[in-house]
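Peer 1: I am sharing my_file-v3.txt, which consists of compact mmCIF, C-alpha atoms:
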```
# COMPACT_ATOMS: atom_id res chain seq x y z
CA MET A 11 81.01 -4.48 -45.96
CA THR A 12 78.15 -6.22 -44.17
CA LEU A 13 75.60 -4.35 -42.08
CA ASP A 14 75.89 -5.09 -38.40
CA ALA A 15 72.78 -6.10 -36.50
CA ALA A 16 72.37 -2.79 -34.70
CA ASP A 17 72.65 -0.77 -37.92
CA GLN A 18 70.16 -2.95 -39.74
CA HIS A 19 67.73 -2.75 -36.83
CA ARG A 20 68.04 1.05 -36.83
CA ARG A 21 67.33 1.20 -40.54
CA ALA A 22 64.36 -1.16 -40.18
CA VAL A 23 62.77 0.90 -37.40
CA THR A 24 63.34 4.11 -39.36
CA PHE A 25 61.73 2.59 -42.44
CA ARG A 26 58.72 1.26 -40.57
CA ARG A 27 58.12 4.64 -38.94
CA LEU A 28 58.16 6.41 -42.30
CA HIS A 29 54.92 4.60 -43.12
CA GLU A 30 53.17 6.34 -40.24
CA GLY A 31 53.16 9.56 -42.27
CA PRO A 32 53.41 12.01 -43.84
CA THR A 33 53.53 10.61 -47.37
CA PHE A 34 57.12 9.99 -48.47
CA VAL A 35 58.88 9.25 -51.75
CA LEU A 36 60.84 6.01 -52.04
CA PRO A 37 63.04 6.43 -55.15
CA ASN A 38 64.52 3.48 -56.99
CA PRO A 39 68.27 3.42 -57.70
CA TRP A 40 69.65 0.66 -59.90
CA ASP A 41 73.22 0.56 -58.58
CA ALA A 42 75.46 1.86 -55.79
CA GLY A 43 76.28 5.11 -57.60
CA SER A 44 72.67 6.10 -58.20
CA ALA A 45 71.88 5.13 -54.59
CA ARG A 46 74.55 7.50 -53.27
CA VAL A 47 73.26 10.36 -55.40
CA LEU A 48 69.72 9.87 -54.10
CA ALA A 49 70.98 9.71 -50.51
CA GLN A 50 72.87 12.99 -50.96
CA LEU A 51 69.73 14.59 -52.37
CA GLY A 52 67.99 13.91 -49.07
CA PHE A 53 65.58 11.05 -49.72
CA PRO A 54 64.77 9.14 -46.51
CA ALA A 55 64.91 5.59 -47.90
CA LEU A 56 65.54 3.67 -51.12
CA ALA A 57 64.05 0.72 -52.99
CA THR A 58 65.69 -1.39 -55.64
CA THR A 59 64.15 -1.79 -59.09
CA SER A 60 64.03 -5.13 -60.86
CA ALA A 61 63.59 -3.42 -64.22
CA GLY A 62 66.48 -1.03 -63.62
CA LEU A 63 68.70 -3.97 -62.71
CA ALA A 64 67.63 -5.93 -65.79
CA PHE A 65 68.39 -2.96 -68.03
CA ALA A 66 71.80 -2.47 -66.40
CA LEU A 67 72.56 -6.14 -67.11
CA GLY A 68 71.45 -5.77 -70.74
CA ARG A 69 68.32 -7.90 -70.36
CA ARG A 70 64.58 -7.51 -70.77
CA ASP A 71 62.52 -7.06 -67.64
CA GLY A 72 59.56 -9.26 -66.75
CA ALA A 73 60.90 -12.40 -68.42
CA ASN A 74 62.62 -14.10 -65.47
CA LEU A 75 66.06 -13.32 -66.95
CA VAL A 76 67.60 -12.01 -63.72
CA SER A 77 68.44 -14.58 -61.06
CA ARG A 78 67.82 -14.39 -57.36
CA ALA A 79 71.57 -14.31 -56.75
CA GLU A 80 71.98 -11.32 -59.08
CA THR A 81 69.06 -9.54 -57.45
CA LEU A 82 70.45 -10.10 -53.96
CA GLN A 83 73.90 -8.91 -54.99
CA ASN A 84 72.32 -5.70 -56.26
CA VAL A 85 70.43 -5.32 -52.97
CA ARG A 86 73.67 -5.81 -51.08
CA MET A 87 75.57 -3.19 -53.10
CA ILE A 88 72.82 -0.62 -52.70
CA ALA A 89 72.37 -1.31 -48.97
CA GLU A 90 76.11 -0.94 -48.40
CA ALA A 91 76.35 2.26 -50.46
CA THR A 92 74.44 4.51 -48.05
CA PRO A 93 73.17 4.54 -44.44
CA LEU A 94 69.55 4.65 -45.65
CA PRO A 95 66.94 1.91 -45.28
CA VAL A 96 66.63 -0.20 -48.43
CA ALA A 97 63.58 -2.15 -49.57
CA ALA A 98 64.11 -4.90 -52.14
CA ASP A 99 62.11 -5.51 -55.29
CA LEU A 100 61.91 -9.31 -55.00
CA GLU A 101 59.59 -9.80 -57.97
CA SER A 102 57.57 -13.00 -57.45
CA GLY A 103 59.88 -14.40 -54.81
CA PHE A 104 62.09 -16.43 -57.18
CA GLY A 105 60.28 -19.69 -56.64
CA ASP A 106 56.97 -21.42 -57.13
CA SER A 107 56.53 -22.68 -53.59
CA PRO A 108 55.76 -20.64 -50.47
CA ALA A 109 58.93 -22.09 -48.90
CA GLU A 110 61.03 -20.63 -51.71
CA VAL A 111 59.38 -17.23 -51.25
CA ALA A 112 60.15 -17.38 -47.52
CA GLU A 113 63.77 -18.19 -48.28
CA THR A 114 63.98 -15.19 -50.59
CA ILE A 115 62.80 -12.92 -47.77
CA ARG A 116 65.42 -14.36 -45.44
CA LEU A 117 68.17 -13.94 -48.02
CA ALA A 118 67.10 -10.37 -48.80
CA ALA A 119 67.40 -9.52 -45.13
CA GLU A 120 70.81 -11.17 -45.06
CA ALA A 121 71.81 -8.95 -48.00
CA GLY A 122 70.90 -5.82 -46.02
CA ALA A 123 67.27 -5.12 -46.96
CA VAL A 124 64.86 -3.98 -44.25
CA GLY A 125 61.80 -4.35 -46.46
CA GLY A 126 60.75 -5.98 -49.68
CA SER A 127 57.89 -6.67 -52.05
CA ILE A 128 56.34 -9.86 -53.37
CA GLU A 129 54.22 -9.90 -56.54
CA ASP A 130 51.33 -12.12 -57.55
CA ALA A 131 52.63 -12.34 -61.12
CA THR A 132 53.74 -15.66 -62.61
CA GLY A 133 56.20 -14.54 -65.28
CA ASP A 134 54.16 -16.57 -67.81
CA PRO A 135 52.71 -14.30 -70.54
CA ALA A 136 49.95 -16.83 -71.23
CA ASP A 137 48.77 -16.79 -67.61
CA PRO A 138 50.36 -13.77 -65.91
CA ILE A 139 48.49 -13.60 -62.57
CA ARG A 140 48.45 -16.31 -59.91
CA PRO A 141 45.16 -17.63 -58.53
CA LEU A 142 44.27 -15.71 -55.39
CA ASP A 143 44.52 -18.64 -52.97
CA GLU A 144 48.00 -19.47 -54.24
CA ALA A 145 49.08 -15.83 -54.05
CA VAL A 146 47.80 -15.57 -50.46
CA ARG A 147 49.77 -18.62 -49.37
CA ARG A 148 52.91 -17.04 -50.77
CA VAL A 149 52.26 -13.78 -48.92
CA GLU A 150 51.63 -15.74 -45.71
CA ALA A 151 54.98 -17.49 -46.13
CA ALA A 152 56.74 -14.19 -46.77
CA VAL A 153 55.10 -12.66 -43.69
CA ALA A 154 56.14 -15.61 -41.51
CA ALA A 155 59.74 -15.28 -42.72
CA ALA A 156 59.69 -11.53 -42.12
CA ARG A 157 58.31 -11.91 -38.59
CA ALA A 158 61.05 -14.42 -37.75
CA LEU A 159 63.76 -11.84 -38.38
CA PRO A 160 65.35 -9.93 -35.47
CA PHE A 161 64.10 -6.59 -36.82
CA PRO A 162 60.81 -5.27 -38.26
CA PHE A 163 61.05 -6.19 -41.94
CA THR A 164 58.36 -4.22 -43.83
CA LEU A 165 56.68 -6.50 -46.35
CA ALA A 166 54.76 -5.09 -49.32
CA ALA A 167 52.37 -7.29 -51.27
CA ARG A 168 51.70 -6.38 -54.89
CA ALA A 169 48.59 -6.99 -57.00
CA GLU A 170 49.83 -6.93 -60.60
CA ASN A 171 46.53 -6.96 -62.56
CA PHE A 172 46.84 -3.56 -64.21
CA LEU A 173 50.52 -4.00 -65.00
CA TYR A 174 49.58 -7.00 -67.14
CA GLY A 175 46.57 -5.51 -68.87
CA ARG A 176 43.91 -6.86 -66.53
CA ALA A 177 41.94 -3.70 -65.81
CA ASP A 178 39.87 -5.23 -63.02
CA LEU A 179 39.76 -2.86 -60.07
CA PRO A 180 37.34 -4.95 -57.93
CA ASP A 181 39.62 -7.99 -58.23
CA THR A 182 42.67 -5.86 -57.49
CA ILE A 183 41.05 -4.56 -54.31
CA ARG A 184 39.93 -8.08 -53.37
CA ARG A 185 43.52 -9.27 -53.73
CA LEU A 186 44.98 -6.40 -51.71
CA ARG A 187 42.48 -7.01 -48.91
CA ALA A 188 43.43 -10.68 -48.86
CA TYR A 189 47.13 -9.82 -48.72
CA ALA A 190 46.45 -7.42 -45.85
CA ALA A 191 44.60 -10.18 -44.00
CA ALA A 192 47.61 -12.45 -44.64
CA GLY A 193 49.78 -9.96 -42.76
CA ALA A 194 51.35 -7.71 -45.42
CA ASP A 195 52.48 -4.37 -44.00
CA VAL A 196 52.11 -2.35 -47.22
CA LEU A 197 49.83 -2.84 -50.24
CA TYR A 198 50.76 -1.98 -53.81
CA ALA A 199 48.89 -2.13 -57.11
CA PRO A 200 51.18 -0.70 -59.82
CA ALA A 201 49.87 0.92 -63.02
CA LEU A 202 46.48 2.01 -61.69
CA PRO A 203 44.90 4.10 -64.47
CA ASP A 204 44.05 7.31 -62.64
CA LEU A 205 43.74 9.08 -59.30
CA ASP A 206 40.16 7.84 -58.83
CA ALA A 207 41.43 4.26 -58.92
CA VAL A 208 44.22 5.12 -56.49
CA ARG A 209 41.70 6.71 -54.15
CA SER A 210 39.43 3.67 -54.39
CA VAL A 211 42.26 1.38 -53.39
CA CYS A 212 43.31 3.56 -50.47
CA THR A 213 39.73 3.80 -49.23
CA ALA A 214 39.17 0.05 -49.49
CA VAL A 215 42.14 -1.13 -47.42
CA ASP A 216 43.42 -0.48 -43.92
CA LYS A 217 47.17 -0.72 -44.53
CA PRO A 218 49.59 1.84 -45.99
CA VAL A 219 49.41 1.99 -49.78
CA ASN A 220 52.36 2.41 -52.14
CA ALA A 221 51.65 4.16 -55.44
CA LEU A 222 53.76 4.02 -58.59
CA ALA A 223 54.47 7.47 -60.04
CA GLY A 224 56.55 8.88 -62.85
CA GLY A 225 54.41 7.85 -65.81
CA ALA A 226 51.89 10.73 -65.73
CA PRO A 227 53.57 14.17 -65.58
CA GLY A 228 50.48 15.86 -64.19
CA VAL A 229 50.36 13.67 -61.08
CA THR A 230 52.15 15.02 -58.02
CA VAL A 231 53.10 13.63 -54.63
CA ALA A 232 50.56 16.01 -53.08
CA MET A 233 47.79 14.60 -55.28
CA LEU A 234 48.67 11.04 -54.35
CA ALA A 235 48.81 11.97 -50.67
CA ASP A 236 45.35 13.52 -51.00
CA CYS A 237 44.13 10.15 -52.32
CA GLY A 238 45.44 8.46 -49.17
CA VAL A 239 48.75 7.12 -50.50
CA ARG A 240 51.39 6.76 -47.81
CA ARG A 241 54.41 5.83 -49.98
CA VAL A 242 55.34 6.82 -53.54
CA SER A 243 57.87 4.91 -55.63
CA VAL A 244 58.97 5.46 -59.22
CA GLY A 245 59.96 1.95 -60.32
CA SER A 246 62.18 2.00 -63.39
CA ALA A 247 61.50 5.68 -64.18
CA LEU A 248 64.88 7.04 -63.04
CA ALA A 249 66.76 4.28 -64.85
CA ARG A 250 64.76 5.02 -67.99
CA VAL A 251 65.52 8.74 -67.68
CA ALA A 252 69.23 7.91 -67.65
CA LEU A 253 68.90 5.53 -70.60
CA THR A 254 66.85 8.07 -72.54
CA ALA A 255 69.59 10.69 -72.20
CA PHE A 256 72.20 8.08 -73.16
CA VAL A 257 70.32 6.97 -76.28
CA ASP A 258 69.57 10.54 -77.37
CA ALA A 259 73.23 11.53 -77.03
CA ALA A 260 74.47 8.44 -78.86
CA ARG A 261 72.00 9.03 -81.70
CA GLU A 262 73.16 12.61 -82.05
CA ILE A 263 76.77 11.47 -82.37
CA ARG A 264 75.84 8.78 -84.89
CA ASP A 265 73.43 10.81 -86.98
CA THR A 266 74.96 14.28 -87.03
CA GLY A 267 78.50 13.93 -85.76
CA THR A 268 77.80 16.67 -83.22
CA PHE A 269 77.99 16.80 -79.45
CA GLY A 270 75.29 19.28 -78.52
CA PHE A 271 74.14 17.09 -75.66
CA GLY A 272 77.30 18.08 -73.80
CA THR A 273 76.04 21.61 -73.15
CA GLU A 274 73.29 20.41 -70.80
CA VAL A 275 75.02 17.74 -68.74
CA LEU A 276 76.66 17.97 -65.35
CA SER A 277 80.35 18.73 -65.69
CA TYR A 278 82.94 16.07 -64.93
CA PRO A 279 84.03 17.81 -61.68
CA ARG A 280 80.42 18.07 -60.50
CA VAL A 281 79.70 14.42 -61.23
CA ASN A 282 82.97 13.33 -59.62
CA ALA A 283 82.03 15.31 -56.52
CA LEU A 284 78.80 13.32 -56.13
CA TRP A 285 80.82 10.50 -54.58
CA PRO A 286 82.92 11.85 -51.70
```
Could you quickly redo this structure as structure tokens?

Peer 2:
Amino acid sequence: MTLDAADQHRRAVTFRRLHEGPTFVLPNPWDAGSARVLAQLGFPALATTSAGLAFALGRRDGANLVSRAETLQNVRMIAEATPLPVAADLESGFGDSPAEVAETIRLAAEAGAVGGSIEDATGDPADPIRPLDEAVRRVEAAVAAARALPFPFTLAARAENFLYGRADLPDTIRRLRAYAAAGADVLYAPALPDLDAVRSVCTAVDKPVNALAGGAPGVTVAMLADCGVRRVSVGSALARVALTAFVDAAREIRDTGTFGFGTEVLSYPRVNALWP
């Protein structure tokens, strides 16, 4: 199934309007089945997860081991699984040149996405963050490609400093401001250390901010909203929850020969009913 133009435009407008408030949660399914479950639970939109996809393919995340074609196929399956808007985790754009980043945006839209994110990471552990001028040119190319589409594609620009151990909040804010000036619709700095840092980012920029949640149990959507966050995503957290339960159950079978995990799982009929 391919989205028709009217349906994709509807999803795009719906997604753009969500960023006007109130704060909403954008959960991250890793396949069509998890997307359908999240849609049935009432979430308003979905975003893919590069880490969740890598794990599902049996690969490490963050090492450029998942191709653009595989990423786009995952976007397509998730977009076709539900009527919800889908934003695509497009990592660093799958290319070194701004033209390649622009092509990734176009292809993501073709796959059914109505939004997407571009990182300033390089994928090189020795030099993980791109120089700011280079990163800005890539965001500008992504913005130009998004604006050329026949619907309002919502582009998020990501500053990856903290995710790669560079705890430099002033530079992170400087980067997000530059990406906003380049035309990004949403700004995102994953792995900020605390709510004070989140609040500082939200105060410093004039575009909607996405926050990554799921790593600190004490943090709530309400707290993030109070900091000024407009959109909350959970990255690979849901995929890791599923893998955690899987590993724990498999270890129990291996180590004790028991099946105690089965007393706390959804029954087969209930799981089967999740997909009408």

Peer 1: Check the smallest atom-to-atom distance from each of A:Ala194, A:Ser210, A:Ala167, A:Ala158 to A:Pro180 using all atoms listed in the file, then report the winner.

Peer 2: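 Of all the options, A:Ser210 lies closest to A:Pro180.
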
Peer 1: Of the candidates A:Val244, A:Leu56, A:Leu94, A:Val153, which one gets nearest to A:Ala223 if we count all atoms listed in the file?

Peer 2: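 Among the listed residues, the smallest separation from A:Ala223 belongs to A:Val244.
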
Peer 1: Using all atoms listed in the file, which residue out of A:Gly245, A:Ala152, A:Pro162, A:Asp181 lies closest to A:Ile139?

Peer 2: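 Of A:Gly245, A:Ala152, A:Pro162, A:Asp181, the one nearest A:Ile139 is A:Asp181, counting all atoms listed in the file.
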
Peer 1: List the spatial neighbours of A:Thr182 as a PyMOL selection string - criterion: any atom at most 12 Å away, only C-alpha atoms, same-chain residues fewer than 5 positions off excluded.

Peer 2: chain A and resi 130+139+142+167-174+176-177+187-189+197-202+207-208+210-212+214-215

Peer 1: Using only C-alpha atoms, pick whichever of A:Val275, A:Thr33, A:Phe163, A:Thr268 has the shortest atom-to-atom distance to A:Phe256.

Peer 2: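 Between A:Val275, A:Thr33, A:Phe163, A:Thr268, the residue approaching A:Phe256 most closely is A:Val275.
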
Peer 1: Could you check how far atom CA of A:Ala57 sits from atom CA of A:Ile88, in Å to one decimal?

Peer 2: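 Here the two named atoms are 8.9 Å from each other.
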
Peer 1: Need the shell around A:Gly126: protein/DNA/RNA residues with any atom at most 10 Å away, counting only C-alpha atoms. Skip same-chain ones fewer than 5 positions apart. Format as a list in words?

Peer 2: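 The neighbour list is Ala57, Thr58, Val96, Ala97, Ala98, Asp99, Leu100, Glu101, Gly103, Thr114, Ile115, Ala118, Ala119, Ala152, Ala156, Phe163, Thr164, Leu165, Ala166, Ala167 and Val196 of chain A.
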
Peer 1: Closest to A:Ala112 among A:Asp14, A:Ser77, A:Arg148, A:Leu186, using only C-alpha atoms?

Peer 2: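 Among A:Asp14, A:Ser77, A:Arg148, A:Leu186, it is A:Arg148 that comes nearest to A:Ala112.
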
Peer 1: Considering only C-alpha atoms, state which residue in the set A:Asp265, A:Asp195, A:Glu90, A:Glu30 is at the smallest distance from A:Ile128.

Peer 2: A:Asp195

Peer 1: Any idea what's packed within 12 Å of A:Val231, counting all atoms listed in the file, ignoring anything in its chain fewer than 2 positions away? Could you give it as a PyMOL selection string?

Peer 2: chain A and resi 32-36+205+220-224+226-229+233-244

Peer 1: Just how far from atom CA of A:Ala55 is atom CA of A:Leu28, in Å to one decimal?

Peer 2: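 Separation between atom CA of A:Leu28 and atom CA of A:Ala55: 8.8 Å.
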
Peer 1: Grab all the atoms of stretch 181-185 of chain A that the file lists, wrap them in a box along x, y and z, add 5 Å per side, and give me centre plus edge lengths in Å (one decimal) as JSON.

Peer 2:
```
{"center_x": 41.6, "center_y": -6.9, "center_z": -55.8, "size_x": 13.9, "size_y": 14.7, "size_z": 14.9}
```

Peer 1: By how many Å are atom CA of A:Arg147 and atom CA of A:Pro108 apart?

Peer 2: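 Straight-line distance from atom CA of A:Arg147 to atom CA of A:Pro108 works out to 6.4 Å.
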
Peer 1: Which residues, written as a PyMOL selection string, have at least one atom at most 12 Å from stretch 69-75 of chain A, with only C-alpha atoms counted and residues fewer than 2 positions away on the same chain left out?

Peer 2: chain A and resi 59-67+77-81+100-105+129+131-135+138+170+173-174+245-246
